[in-house]
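S.K.: Handing over input-v4.pdb, PDB, C-alpha atoms.
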ATOM      1  CA  MET A 157     178.884  73.422 108.336  1.00  0.00           C
ATOM      2  CA  SER A 158     181.218  76.195 109.456  1.00  0.00           C
ATOM      3  CA  GLN A 159     180.605  77.846 112.795  1.00  0.00           C
ATOM      4  CA  TYR A 160     180.437  81.362 111.400  1.00  0.00           C
ATOM      5  CA  VAL A 161     179.406  82.871 108.085  1.00  0.00           C
ATOM      6  CA  ILE A 162     181.956  85.066 106.365  1.00  0.00           C
ATOM      7  CA  MET A 163     180.589  88.509 105.536  1.00  0.00           C
ATOM      8  CA  SER A 164     183.470  89.201 103.182  1.00  0.00           C
ATOM      9  CA  LYS A 165     186.518  87.326 102.031  1.00  0.00           C
ATOM     10  CA  ARG A 166     188.630  90.451 102.327  1.00  0.00           C
ATOM     11  CA  VAL A 167     191.883  89.677 104.069  1.00  0.00           C
ATOM     12  CA  PHE A 168     193.639  92.320 106.127  1.00  0.00           C
ATOM     13  CA  VAL A 169     197.269  92.513 107.204  1.00  0.00           C
ATOM     14  CA  ILE A 170     197.923  93.905 110.686  1.00  0.00           C
ATOM     15  CA  GLU A 171     200.442  96.698 110.220  1.00  0.00           C
ATOM     16  CA  GLN A 172     200.460  98.014 113.769  1.00  0.00           C
ATOM     17  CA  ILE A 173     199.044  97.216 117.192  1.00  0.00           C
ATOM     18  CA  THR A 174     198.954  99.901 119.874  1.00  0.00           C
ATOM     19  CA  GLU A 175     197.158 100.367 123.162  1.00  0.00           C
ATOM     20  CA  ALA A 176     193.855 102.162 122.823  1.00  0.00           C
ATOM     21  CA  ASP A 177     193.913 105.796 123.975  1.00  0.00           C
ATOM     22  CA  PHE A 178     192.020 104.958 127.113  1.00  0.00           C
ATOM     23  CA  GLY A 179     192.820 102.791 130.111  1.00  0.00           C
ATOM     24  CA  CYS A 180     190.526 100.459 131.957  1.00  0.00           C
ATOM     25  CA  GLU A 181     190.991 102.450 135.141  1.00  0.00           C
ATOM     26  CA  GLU A 182     189.718 105.614 133.469  1.00  0.00           C
ATOM     27  CA  THR A 183     186.736 104.156 131.628  1.00  0.00           C
ATOM     28  CA  GLU A 184     183.846 101.780 132.154  1.00  0.00           C
ATOM     29  CA  ARG A 185     185.476  99.161 129.936  1.00  0.00           C
ATOM     30  CA  LYS A 186     186.054  95.885 131.705  1.00  0.00           C
ATOM     31  CA  GLU A 187     189.122  94.767 129.779  1.00  0.00           C
ATOM     32  CA  PRO A 188     192.187  96.295 128.069  1.00  0.00           C
ATOM     33  CA  MET A 189     191.686  97.128 124.400  1.00  0.00           C
ATOM     34  CA  ALA A 190     194.158  97.379 121.525  1.00  0.00           C
ATOM     35  CA  LEU A 191     193.947  99.519 118.412  1.00  0.00           C
ATOM     36  CA  LEU A 192     194.784  97.687 115.188  1.00  0.00           C
ATOM     37  CA  LYS A 193     195.890  99.380 111.990  1.00  0.00           C
ATOM     38  CA  LEU A 194     194.911  97.105 109.107  1.00  0.00           C
ATOM     39  CA  ARG A 195     195.593  97.187 105.391  1.00  0.00           C
ATOM     40  CA  SER A 196     193.407  95.354 102.903  1.00  0.00           C
ATOM     41  CA  GLU A 197     195.163  92.887 100.592  1.00  0.00           C
ATOM     42  CA  ASP A 198     192.590  93.695  97.903  1.00  0.00           C
ATOM     43  CA  ASP A 199     192.919  97.444  97.487  1.00  0.00           C
ATOM     44  CA  SER A 200     195.489  98.561 100.111  1.00  0.00           C
ATOM     45  CA  SER A 201     192.829 100.598 101.940  1.00  0.00           C
ATOM     46  CA  GLU A 202     193.379 101.189 105.647  1.00  0.00           C
ATOM     47  CA  LYS A 203     191.065 100.200 108.468  1.00  0.00           C
ATOM     48  CA  TYR A 204     191.285 100.818 112.203  1.00  0.00           C
ATOM     49  CA  VAL A 205     189.538  98.596 114.741  1.00  0.00           C
ATOM     50  CA  GLU A 206     189.576  98.130 118.483  1.00  0.00           C
ATOM     51  CA  VAL A 207     189.983  94.577 119.736  1.00  0.00           C
ATOM     52  CA  SER A 208     190.248  93.095 123.191  1.00  0.00           C
ATOM     53  CA  GLU A 209     193.843  92.332 124.122  1.00  0.00           C
ATOM     54  CA  ALA A 210     192.596  89.008 125.471  1.00  0.00           C
ATOM     55  CA  VAL A 211     191.288  88.068 122.009  1.00  0.00           C
ATOM     56  CA  LEU A 212     194.646  88.902 120.418  1.00  0.00           C
ATOM     57  CA  SER A 213     196.458  86.772 122.969  1.00  0.00           C
ATOM     58  CA  ASP A 214     194.017  83.879 122.704  1.00  0.00           C
ATOM     59  CA  GLN A 215     194.286  83.697 118.900  1.00  0.00           C
ATOM     60  CA  GLY A 216     197.986  84.487 118.668  1.00  0.00           C
ATOM     61  CA  ILE A 217     197.310  87.600 116.582  1.00  0.00           C
ATOM     62  CA  SER A 218     200.298  89.927 116.206  1.00  0.00           C
ATOM     63  CA  GLU A 219     201.744  92.492 113.818  1.00  0.00           C
ATOM     64  CA  GLY A 220     202.285  91.095 110.352  1.00  0.00           C
ATOM     65  CA  LYS A 221     199.567  88.447 110.741  1.00  0.00           C
ATOM     66  CA  LYS A 222     196.537  88.270 108.459  1.00  0.00           C
ATOM     67  CA  VAL A 223     192.956  88.450 109.713  1.00  0.00           C
ATOM     68  CA  ILE A 224     189.367  88.486 108.483  1.00  0.00           C
ATOM     69  CA  PHE A 225     186.083  89.527 110.106  1.00  0.00           C
ATOM     70  CA  THR A 226     183.005  87.357 110.583  1.00  0.00           C
ATOM     71  CA  GLU A 227     179.481  88.522 109.886  1.00  0.00           C
ATOM     72  CA  ASP A 228     178.925  89.267 113.562  1.00  0.00           C
ATOM     73  CA  GLY A 229     182.061  91.392 113.741  1.00  0.00           C
ATOM     74  CA  ASN A 230     184.469  88.935 115.344  1.00  0.00           C
ATOM     75  CA  ILE A 231     188.089  88.978 114.241  1.00  0.00           C
ATOM     76  CA  LEU A 232     189.789  85.729 113.240  1.00  0.00           C
ATOM     77  CA  LYS A 233     193.396  85.009 112.374  1.00  0.00           C
ATOM     78  CA  TYR A 234     193.688  84.050 108.692  1.00  0.00           C
ATOM     79  CA  VAL A 235     195.624  80.860 107.997  1.00  0.00           C
ATOM     80  CA  ARG A 236     196.300  79.724 104.441  1.00  0.00           C
ATOM     81  CA  VAL A 237     197.297  76.097 103.884  1.00  0.00           C
ATOM     82  CA  VAL A 238     197.439  73.428 101.194  1.00  0.00           C
ATOM     83  CA  ALA A 239     196.273  69.823 101.250  1.00  0.00           C
ATOM     84  CA  ALA A 240     197.001  66.822  99.054  1.00  0.00           C
ATOM     85  CA  VAL A 241     194.382  64.283  98.079  1.00  0.00           C
ATOM     86  CA  ILE A 242     196.889  61.578  97.148  1.00  0.00           C
ATOM     87  CA  ARG A 243     195.302  59.100  94.801  1.00  0.00           C
ATOM     88  CA  ASP A 244     196.200  55.537  93.894  1.00  0.00           C
ATOM     89  CA  GLY A 245     193.641  54.277  91.404  1.00  0.00           C
ATOM     90  CA  ASP A 246     190.250  54.426  93.083  1.00  0.00           C
ATOM     91  CA  ARG A 247     191.654  55.021  96.587  1.00  0.00           C
ATOM     92  CA  ILE A 248     192.787  58.151  98.420  1.00  0.00           C
ATOM     93  CA  PHE A 249     195.258  58.546 101.299  1.00  0.00           C
ATOM     94  CA  ALA A 250     194.166  60.035 104.635  1.00  0.00           C
ATOM     95  CA  THR A 251     195.985  60.557 107.934  1.00  0.00           C
ATOM     96  CA  ALA A 252     194.860  60.797 111.560  1.00  0.00           C
ATOM     97  CA  ARG A 253     196.083  63.837 113.463  1.00  0.00           C
ATOM     98  CA  GLY A 254     198.374  62.925 116.310  1.00  0.00           C
ATOM     99  CA  TYR A 255     198.098  66.016 118.496  1.00  0.00           C
ATOM    100  CA  GLY A 256     195.882  68.781 119.856  1.00  0.00           C
ATOM    101  CA  GLU A 257     192.161  69.291 120.152  1.00  0.00           C
ATOM    102  CA  PHE A 258     191.443  67.151 117.100  1.00  0.00           C
ATOM    103  CA  LYS A 259     193.801  64.291 117.928  1.00  0.00           C
ATOM    104  CA  GLY A 260     192.588  61.137 116.203  1.00  0.00           C
ATOM    105  CA  TRP A 261     190.441  62.995 113.654  1.00  0.00           C
ATOM    106  CA  TRP A 262     191.200  62.386 109.984  1.00  0.00           C
ATOM    107  CA  GLU A 263     192.509  64.833 107.409  1.00  0.00           C
ATOM    108  CA  PHE A 264     194.327  65.181 104.114  1.00  0.00           C
ATOM    109  CA  PRO A 265     198.081  65.765 104.534  1.00  0.00           C
ATOM    110  CA  GLY A 266     199.574  69.160 103.846  1.00  0.00           C
ATOM    111  CA  GLY A 267     200.531  72.330 105.681  1.00  0.00           C
ATOM    112  CA  LYS A 268     201.270  76.027 105.534  1.00  0.00           C
ATOM    113  CA  ILE A 269     202.591  77.971 102.575  1.00  0.00           C
ATOM    114  CA  GLU A 270     205.950  79.552 103.321  1.00  0.00           C
ATOM    115  CA  LYS A 271     206.929  82.974 102.020  1.00  0.00           C
ATOM    116  CA  GLY A 272     207.918  82.844  98.356  1.00  0.00           C
ATOM    117  CA  GLU A 273     206.307  79.458  97.688  1.00  0.00           C
ATOM    118  CA  THR A 274     203.510  78.675  95.294  1.00  0.00           C
ATOM    119  CA  PRO A 275     200.778  76.414  96.710  1.00  0.00           C
ATOM    120  CA  GLN A 276     202.092  73.547  94.583  1.00  0.00           C
ATOM    121  CA  GLN A 277     205.661  74.027  95.831  1.00  0.00           C
ATOM    122  CA  ALA A 278     204.466  74.198  99.425  1.00  0.00           C
ATOM    123  CA  LEU A 279     202.481  71.005  99.048  1.00  0.00           C
ATOM    124  CA  ALA A 280     205.379  69.065  97.544  1.00  0.00           C
ATOM    125  CA  ARG A 281     207.636  70.239 100.386  1.00  0.00           C
ATOM    126  CA  GLU A 282     205.111  69.413 103.115  1.00  0.00           C
ATOM    127  CA  ILE A 283     204.553  65.866 101.822  1.00  0.00           C
ATOM    128  CA  ARG A 284     208.302  65.361 101.551  1.00  0.00           C
ATOM    129  CA  GLU A 285     208.738  66.519 105.175  1.00  0.00           C
ATOM    130  CA  GLU A 286     205.718  64.722 106.661  1.00  0.00           C
ATOM    131  CA  LEU A 287     205.599  61.540 104.588  1.00  0.00           C
ATOM    132  CA  THR A 288     209.092  61.304 102.975  1.00  0.00           C
ATOM    133  CA  ALA A 289     207.731  60.758  99.443  1.00  0.00           C
ATOM    134  CA  GLU A 290     207.881  62.893  96.309  1.00  0.00           C
ATOM    135  CA  ILE A 291     204.549  63.718  94.715  1.00  0.00           C
ATOM    136  CA  LYS A 292     203.231  65.150  91.486  1.00  0.00           C
ATOM    137  CA  VAL A 293     200.728  67.881  92.284  1.00  0.00           C
ATOM    138  CA  GLY A 294     197.720  67.766  89.984  1.00  0.00           C
ATOM    139  CA  ASP A 295     194.633  69.895  89.497  1.00  0.00           C
ATOM    140  CA  LEU A 296     193.098  72.099  92.150  1.00  0.00           C
ATOM    141  CA  ILE A 297     189.968  70.390  93.482  1.00  0.00           C
ATOM    142  CA  LYS A 298     188.640  73.245  95.557  1.00  0.00           C
ATOM    143  CA  THR A 299     189.646  76.075  97.880  1.00  0.00           C
ATOM    144  CA  LEU A 300     187.877  75.604 101.186  1.00  0.00           C
ATOM    145  CA  GLU A 301     187.027  78.540 103.445  1.00  0.00           C
ATOM    146  CA  TYR A 302     186.204  77.464 106.990  1.00  0.00           C
ATOM    147  CA  ASP A 303     185.905  79.244 110.326  1.00  0.00           C
ATOM    148  CA  TYR A 304     187.246  77.415 113.326  1.00  0.00           C
ATOM    149  CA  PRO A 305     186.597  79.114 116.697  1.00  0.00           C
ATOM    150  CA  LYS A 306     190.049  80.740 116.813  1.00  0.00           C
ATOM    151  CA  PHE A 307     191.066  81.125 113.165  1.00  0.00           C
ATOM    152  CA  HIS A 308     189.814  81.184 109.596  1.00  0.00           C
ATOM    153  CA  LEU A 309     191.237  78.454 107.379  1.00  0.00           C
ATOM    154  CA  SER A 310     191.714  78.917 103.646  1.00  0.00           C
ATOM    155  CA  MET A 311     192.812  75.571 102.193  1.00  0.00           C
ATOM    156  CA  ASP A 312     193.802  74.888  98.580  1.00  0.00           C
ATOM    157  CA  CYS A 313     193.128  71.191  97.941  1.00  0.00           C
ATOM    158  CA  PHE A 314     194.892  69.416  95.068  1.00  0.00           C
ATOM    159  CA  TRP A 315     194.844  65.965  93.540  1.00  0.00           C
ATOM    160  CA  ALA A 316     198.274  64.347  93.841  1.00  0.00           C
ATOM    161  CA  GLU A 317     200.087  61.098  93.208  1.00  0.00           C
ATOM    162  CA  VAL A 318     203.290  59.587  94.563  1.00  0.00           C
ATOM    163  CA  THR A 319     206.130  59.585  92.034  1.00  0.00           C
ATOM    164  CA  VAL A 320     209.164  58.615  94.141  1.00  0.00           C
ATOM    165  CA  GLY A 321     209.399  56.666  97.390  1.00  0.00           C
ATOM    166  CA  GLU A 322     206.768  55.431  99.802  1.00  0.00           C
ATOM    167  CA  LEU A 323     204.463  57.243 102.217  1.00  0.00           C
ATOM    168  CA  VAL A 324     206.077  56.945 105.658  1.00  0.00           C
ATOM    169  CA  LEU A 325     204.391  58.577 108.657  1.00  0.00           C
ATOM    170  CA  LYS A 326     206.588  61.044 110.545  1.00  0.00           C
ATOM    171  CA  GLU A 327     203.956  63.192 112.285  1.00  0.00           C
ATOM    172  CA  ALA A 328     200.509  61.617 111.865  1.00  0.00           C
ATOM    173  CA  GLU A 329     199.113  59.071 114.303  1.00  0.00           C
ATOM    174  CA  SER A 330     198.005  56.626 111.607  1.00  0.00           C
ATOM    175  CA  ALA A 331     196.978  56.456 107.956  1.00  0.00           C
ATOM    176  CA  LYS A 332     194.589  54.641 105.635  1.00  0.00           C
ATOM    177  CA  TRP A 333     193.868  54.190 101.965  1.00  0.00           C
ATOM    178  CA  LEU A 334     190.136  54.758 101.510  1.00  0.00           C
ATOM    179  CA  SER A 335     187.883  53.809  98.627  1.00  0.00           C
ATOM    180  CA  LYS A 336     184.879  55.896  97.643  1.00  0.00           C
ATOM    181  CA  ASP A 337     182.626  53.657  99.749  1.00  0.00           C
ATOM    182  CA  GLU A 338     184.907  54.021 102.780  1.00  0.00           C
ATOM    183  CA  LEU A 339     185.059  57.829 102.869  1.00  0.00           C
ATOM    184  CA  ASP A 340     182.413  58.002 105.592  1.00  0.00           C
ATOM    185  CA  SER A 341     184.120  55.400 107.781  1.00  0.00           C
ATOM    186  CA  VAL A 342     186.415  57.909 109.531  1.00  0.00           C
ATOM    187  CA  ARG A 343     185.786  61.078 111.510  1.00  0.00           C
ATOM    188  CA  TRP A 344     187.033  63.941 109.350  1.00  0.00           C
ATOM    189  CA  LEU A 345     188.246  67.285 110.592  1.00  0.00           C
ATOM    190  CA  PRO A 346     185.435  69.816 110.069  1.00  0.00           C
ATOM    191  CA  ALA A 347     187.133  71.618 107.174  1.00  0.00           C
ATOM    192  CA  ASP A 348     188.249  68.411 105.460  1.00  0.00           C
ATOM    193  CA  GLU A 349     184.749  66.982 105.725  1.00  0.00           C
ATOM    194  CA  GLU A 350     183.529  69.652 103.315  1.00  0.00           C
ATOM    195  CA  LEU A 351     185.905  68.222 100.689  1.00  0.00           C
ATOM    196  CA  VAL A 352     184.710  64.627 100.897  1.00  0.00           C
ATOM    197  CA  GLU A 353     181.781  65.016  98.513  1.00  0.00           C
ATOM    198  CA  GLU A 354     184.039  66.567  95.853  1.00  0.00           C
ATOM    199  CA  ILE A 355     186.416  63.630  96.230  1.00  0.00           C
ATOM    200  CA  ARG A 356     183.562  61.161  95.986  1.00  0.00           C
ATOM    201  CA  LYS A 357     182.597  62.693  92.639  1.00  0.00           C
ATOM    202  CA  GLY A 358     186.221  62.580  91.470  1.00  0.00           C
ATOM    203  CA  LEU A 359     186.478  58.875  92.260  1.00  0.00           C
ATOM    204  CA  SER A 360     183.308  58.013  90.345  1.00  0.00           C
TER     205      SER A 360
END
Any chance you could give the structure as structure tokens?

M.R.:
Amino acid sequence: MSQYVIMSKRVFVIEQITEADFGCEETERKEPMALLKLRSEDDSSEKYVEVSEAVLSDQGISEGKKVIFTEDGNILKYVRVVAAVIRDGDRIFATARGYGEFKGWWEFPGGKIEKGETPQQALAREIREELTAEIKVGDLIKTLEYDYPKFHLSMDCFWAEVTVGELVLKEAESAKWLSKDELDSVRWLPADEELVEEIRKGLS
């Protein structure tokens, strides 16, 4: 389960960040605050919020970034990615992350969508860069929405199959082909875990 519940899926773009009109020395506030000018992606409406400068620094939030708000009012950086569930018959391909907090946890390969790319184009490029192979991107399985402590992840997950070359690890720590009965044998990243049941149904 995700750590927070999303009150709304509205995504905001940070157009401007300025210091709040008051200073810590002149008020009872215990930390510096920033004033964010936000614009909704849905209807272009504007929104102004005050956020701790420490929160912005901790999450890497800056002008031009996208954010959402949790039910309890916390701000989270919005990250949109794509993932490939590469299938070979009744098996799917999974990789173990080789870095960071979740090093050694398992996930479906993919990455961020660059400006001007469709999700399908981004996925084909990411697999080419990470695993050297060319893939055919199939149907969308599901779009996952998951709140990690420091960012909100929106992940478009597609079926895929290798069309040219072989899957060669360039970034991941290790990889496995998993059957339906082996899906629970690895420790999935929290967001990816929510996809496993959909995959299990697809492999039936």

S.K.: What is the CA of Arg343 in chain A-CA of Leu296 in chain A distance in Å, reported with one decimal?

M.R.: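 Taking CA of Arg343 in chain A and CA of Leu296 in chain A, their separation equals 23.4 Å.
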
S.K.: Since I can't run it myself right now, could you work out what the PyMOL selection byres ((chain A and resi 351) around 12) selects here and report it as a PyMOL selection string?

M.R.: chain A and resi 157+239-241+263-264+296-302+311-315+339-340+344-350+352-358

S.K.: Specify as a CSV table (one decimal) with C-alpha atoms, in the coordinates of the input each residue included when the PyMOL selection byres ((chain A and resi 224) around 9) is applied to this file.

M.R.:
chain,number,residue,atom,x,y,z
A,162,ILE,CA,182.0,85.1,106.4
A,164,SER,CA,183.5,89.2,103.2
A,165,LYS,CA,186.5,87.3,102.0
A,166,ARG,CA,188.6,90.5,102.3
A,167,VAL,CA,191.9,89.7,104.1
A,168,PHE,CA,193.6,92.3,106.1
A,169,VAL,CA,197.3,92.5,107.2
A,222,LYS,CA,196.5,88.3,108.5
A,223,VAL,CA,193.0,88.4,109.7
A,225,PHE,CA,186.1,89.5,110.1
A,226,THR,CA,183.0,87.4,110.6
A,230,ASN,CA,184.5,88.9,115.3
A,231,ILE,CA,188.1,89.0,114.2
A,232,LEU,CA,189.8,85.7,113.2
A,233,LYS,CA,193.4,85.0,112.4
A,234,TYR,CA,193.7,84.0,108.7
A,307,PHE,CA,191.1,81.1,113.2
A,308,HIS,CA,189.8,81.2,109.6

S.K.: Quick one: which residues end up in the PyMOL selection byres ((chain A and resi 320) around 6) for this structure, as a ChimeraX atom specification?

M.R.: /A:289-290,318-319,321

S.K.: Okay, now the selection with C-alpha atoms, as a compact mmCIF listing (two decimals), keeping the file's coordinate frame?

M.R.:
# COMPACT_ATOMS: atom_id res chain seq x y z
CA ALA A 289 207.73 60.76 99.44
CA GLU A 290 207.88 62.89 96.31
CA VAL A 318 203.29 59.59 94.56
CA THR A 319 206.13 59.58 92.03
CA GLY A 321 209.40 56.67 97.39

S.K.: Quick one: residues within 12 Å of Gly266 in chain A, only C-alpha atoms, excluding same-chain residues fewer than 4 positions away - as number ranges by chain?

M.R.: A: 236-242, 249-251, 253, 275-287, 291, 293, 311-316, 327-328, 348

S.K.: Which distance in Å separates CA of Gly220 in chain A and CA of Glu257 in chain A, to one decimal?

M.R.: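 Separation of CA of Gly220 in chain A and CA of Glu257 in chain A: 26.0 Å.
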
S.K.: What's the separation between CA of Glu175 in chain A and CA of Val207 in chain A, in Å to one decimal place?

M.R.: 9.8 Å

S.K.: Using all atoms listed in the file, which residues sit within 9 Å of Arg195 in chain A once same-chain residues fewer than 4 positions away are excluded, as a VMD selection string?

M.R.: chain A and resid 167 to 171 199 to 204

S.K.: Extract range 196-214 of chain A from the preceding block and save C-alpha atoms as a PDB file, in the first residue's frame.

M.R.:
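Written file, out-v6.pdb:
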ATOM      1  CA  SER A 196      -2.662  23.511 -12.712  1.00  0.00           C
ATOM      2  CA  GLU A 197      -2.081  21.262 -15.731  1.00  0.00           C
ATOM      3  CA  ASP A 198      -5.824  20.568 -15.836  1.00  0.00           C
ATOM      4  CA  ASP A 199      -7.338  24.023 -16.149  1.00  0.00           C
ATOM      5  CA  SER A 200      -4.386  26.473 -15.979  1.00  0.00           C
ATOM      6  CA  SER A 201      -5.703  27.929 -12.704  1.00  0.00           C
ATOM      7  CA  GLU A 202      -3.146  29.505 -10.386  1.00  0.00           C
ATOM      8  CA  LYS A 203      -2.413  28.517  -6.812  1.00  0.00           C
ATOM      9  CA  TYR A 204      -0.063  30.021  -4.244  1.00  0.00           C
ATOM     10  CA  VAL A 205       1.331  28.013  -1.336  1.00  0.00           C
ATOM     11  CA  GLU A 206       3.988  28.463   1.300  1.00  0.00           C
ATOM     12  CA  VAL A 207       6.453  25.614   1.717  1.00  0.00           C
ATOM     13  CA  SER A 208       9.464  25.136   3.932  1.00  0.00           C
ATOM     14  CA  GLU A 209      12.700  25.788   2.067  1.00  0.00           C
ATOM     15  CA  ALA A 210      14.065  22.649   3.710  1.00  0.00           C
ATOM     16  CA  VAL A 211      11.314  20.567   2.073  1.00  0.00           C
ATOM     17  CA  LEU A 212      12.124  22.029  -1.349  1.00  0.00           C
ATOM     18  CA  SER A 213      15.796  21.234  -0.892  1.00  0.00           C
ATOM     19  CA  ASP A 214      15.163  17.739   0.444  1.00  0.00           C
TER      20      ASP A 214
END
